[in-house]
Amino acid sequence: MADNRVDRLIQRIADATGISSQSELARALDINRSGITHARNNNHIPEKWVIKLYRRFGLNPGWIESGTGPVFLHAQPGDDTDFRHIPKVAARLSAGSGSFDCDTQVSEYLAFSAAWLGKKGSSRSMVAMEVFGHSMEPVIKEGDTVLIDQSQTQILAGAIYAVGVDDTILVKRLEKLPDKLVLCSDNKEFAPIYLNKNECDKVRILGKVIWSCREYR
């Protein structure tokens, strides 16, 4: 099979940014997925891709086209600085009674040190979401952005997770009791949610919250 420049570029972008699918790449490039298929079939990297990838991620145009040189334009040869860009989705996590806002559309990308992410988990499985509601205060406040590693679904007692219960998405601290799962709020005004063994079948552990940040307005 002939070597395909676009396939190699897609893999490089995945390694550099954390983009994990062609659909995600198409959204980042603001094109239809068919545009990626067309480029692959023609074995040609469109010039517009180079410009958009530089503007959105700061990727070095020379590296985009050839795979050589520093990945990011600001980096120098031999520089250990390396970043991954994690998608932030439009869906929001509820620190309250529940959220029906499940929009997976990527709204922006957040840059993190690759070395730091590597210590926390799998960067390709990470996603950022905004929190609304007050049940996790003072640790997580309304408007905070949290980083979730979707590869970490095994429950560690006392850790904070994004949890799906039926059609709702919650951010809660989880505790395990015999035949029960407890969804705890840090804000004591919110009572714990106790789920028995049968109800636990409805729970989806979406991932562990590994980081949060707060923007002051």
# chains A, B, ... in the order shown; residues from 1 in each chain; ligands from 1
call {"tool": "residues_around", "arguments": {"residues": "A:Val50", "least_positions_apart": "5", "cutoff": "9 Å", "atoms": "only C-alpha atoms", "output": "PyMOL selection string"}}
result
chain A and resi 45+55+59-62+64-65
call {"tool": "write_last_selection", "arguments": {"atoms": "N, CA and C atoms", "output": "tab-separated table (two decimals), in the first residue's frame"}}
result
chain	number	residue	atom	x	y	z
A	45	ILE	N	-2.15	17.20	1.69
A	45	ILE	CA	-2.50	18.01	2.85
A	45	ILE	C	-2.90	19.40	2.38
A	55	ARG	N	-3.15	28.09	13.70
A	55	ARG	CA	-3.91	29.08	14.46
A	55	ARG	C	-4.56	28.48	15.70
A	59	LEU	N	0.66	24.66	16.08
A	59	LEU	CA	1.52	23.65	15.48
A	59	LEU	C	2.41	24.27	14.40
A	60	ASN	N	3.63	23.83	14.36
A	60	ASN	CA	4.62	24.32	13.40
A	60	ASN	C	4.22	23.89	11.98
A	61	PRO	N	4.02	24.84	11.05
A	61	PRO	CA	3.61	24.47	9.69
A	61	PRO	C	4.58	23.49	9.02
A	62	GLY	N	5.88	23.66	9.28
A	62	GLY	CA	6.85	22.73	8.71
A	62	GLY	C	6.65	21.32	9.22
A	64	ILE	N	3.79	20.12	10.38
A	64	ILE	CA	2.52	19.64	9.85
A	64	ILE	C	2.73	18.97	8.50
A	65	GLU	N	3.54	19.58	7.65
A	65	GLU	CA	3.70	19.09	6.29
A	65	GLU	C	4.70	17.95	6.18
call {"tool": "residues_around", "arguments": {"residues": "A:Ala16", "least_positions_apart": "6", "cutoff": "8 Å", "atoms": "only C-alpha atoms", "output": "PyMOL selection string"}}
result
chain A and resi 71+83-85
call {"tool": "write_last_selection", "arguments": {"atoms": "N, CA and C atoms", "output": "PDB file, in the first residue's frame"}}
result
ATOM      1  N   VAL A  71       7.478  20.466  17.112  1.00  0.00           N
ATOM      2  CA  VAL A  71       6.044  20.270  16.911  1.00  0.00           C
ATOM      3  C   VAL A  71       5.305  21.603  16.958  1.00  0.00           C
ATOM      4  N   PHE A  83       3.165  19.825  24.669  1.00  0.00           N
ATOM      5  CA  PHE A  83       1.817  20.022  25.169  1.00  0.00           C
ATOM      6  C   PHE A  83       0.845  19.100  24.454  1.00  0.00           C
ATOM      7  N   ARG A  84      -0.237  18.798  25.143  1.00  0.00           N
ATOM      8  CA  ARG A  84      -1.363  18.104  24.546  1.00  0.00           C
ATOM      9  C   ARG A  84      -2.563  19.022  24.653  1.00  0.00           C
ATOM     10  N   HIS A  85      -3.410  18.984  23.656  1.00  0.00           N
ATOM     11  CA  HIS A  85      -4.602  19.827  23.645  1.00  0.00           C
ATOM     12  C   HIS A  85      -5.817  18.952  23.897  1.00  0.00           C
TER      13      HIS A  85
END
call {"tool": "atom_distance", "arguments": {"atom1": "atom CA of A:Met136", "atom2": "atom CA of A:Ala115"}}
result
28.5 Å
call {"tool": "select_by_dssp", "arguments": {"residues": "chain A", "states": "alpha helix (DSSP H)", "output": "PyMOL selection string"}}
result
chain A and resi 5-17+22-29+33-42+47-57+61-66+114-120+197-200
call {"tool": "closest_residue", "arguments": {"among": "A:Pro192, A:Gly69, A:Pro178, A:Pro87", "to": "A:Arg124", "atoms": "only C-alpha atoms"}}
result
A:Pro87
call {"tool": "atom_distance", "arguments": {"atom1": "atom CA of A:Val127", "atom2": "atom CA of A:Leu110"}}
result
9.4 Å
call {"tool": "residues_around", "arguments": {"residues": "A:Val131", "least_positions_apart": "5", "cutoff": "12 Å", "atoms": "only C-alpha atoms", "output": "VMD selection string"}}
result
chain A and resid 88 to 96 98 to 99 101 136 to 137 139 to 148 162 169 to 172 209 212 to 214
call {"tool": "write_last_selection", "arguments": {"atoms": "C-alpha atoms", "output": "PDB file, in the first residue's frame"}}
result
ATOM      1  CA  LYS A  88     -13.592  20.927  26.171  1.00  0.00           C
ATOM      2  CA  VAL A  89     -17.133  19.893  25.285  1.00  0.00           C
ATOM      3  CA  ALA A  90     -20.288  21.969  25.426  1.00  0.00           C
ATOM      4  CA  ALA A  91     -21.983  19.528  27.820  1.00  0.00           C
ATOM      5  CA  ARG A  92     -21.914  20.591  31.462  1.00  0.00           C
ATOM      6  CA  LEU A  93     -21.616  18.529  34.628  1.00  0.00           C
ATOM      7  CA  SER A  94     -24.211  19.105  37.297  1.00  0.00           C
ATOM      8  CA  ALA A  95     -23.135  19.744  40.869  1.00  0.00           C
ATOM      9  CA  GLY A  96     -26.755  19.551  41.885  1.00  0.00           C
ATOM     10  CA  GLY A  98     -28.665  16.482  37.454  1.00  0.00           C
ATOM     11  CA  SER A  99     -27.993  17.743  33.958  1.00  0.00           C
ATOM     12  CA  ASP A 101     -27.060  19.057  28.821  1.00  0.00           C
ATOM     13  CA  MET A 136     -19.545  20.195  45.347  1.00  0.00           C
ATOM     14  CA  GLU A 137     -18.568  23.479  46.998  1.00  0.00           C
ATOM     15  CA  VAL A 139     -13.889  22.101  46.329  1.00  0.00           C
ATOM     16  CA  ILE A 140     -15.602  22.609  42.965  1.00  0.00           C
ATOM     17  CA  LYS A 141     -17.679  25.718  42.411  1.00  0.00           C
ATOM     18  CA  GLU A 142     -20.212  26.643  39.774  1.00  0.00           C
ATOM     19  CA  GLY A 143     -18.417  27.737  36.601  1.00  0.00           C
ATOM     20  CA  ASP A 144     -15.283  25.694  37.300  1.00  0.00           C
ATOM     21  CA  THR A 145     -13.783  23.604  34.514  1.00  0.00           C
ATOM     22  CA  VAL A 146     -12.822  20.034  35.394  1.00  0.00           C
ATOM     23  CA  LEU A 147     -10.603  17.581  33.550  1.00  0.00           C
ATOM     24  CA  ILE A 148     -11.942  14.029  33.353  1.00  0.00           C
ATOM     25  CA  ALA A 162     -18.324  12.217  36.463  1.00  0.00           C
ATOM     26  CA  ILE A 169     -24.736  13.661  34.301  1.00  0.00           C
ATOM     27  CA  LEU A 170     -23.411  14.438  37.771  1.00  0.00           C
ATOM     28  CA  VAL A 171     -20.081  15.241  39.388  1.00  0.00           C
ATOM     29  CA  LYS A 172     -19.897  13.527  42.782  1.00  0.00           C
ATOM     30  CA  VAL A 209     -11.970  14.076  37.831  1.00  0.00           C
ATOM     31  CA  SER A 212     -10.154  21.620  38.144  1.00  0.00           C
ATOM     32  CA  CYS A 213      -9.640  25.318  37.551  1.00  0.00           C
ATOM     33  CA  ARG A 214     -11.512  28.485  38.330  1.00  0.00           C
TER      34      ARG A 214
END
call {"tool": "closest_residue", "arguments": {"among": "A:Ala111, A:Thr153, A:Asn43, A:Lys202", "to": "A:Gly58", "atoms": "only C-alpha atoms"}}
result
A:Ala111
call {"tool": "atom_distance", "arguments": {"atom1": "atom CA of A:Arg173", "atom2": "atom CA of A:Ile160"}}
result
4.2 Å
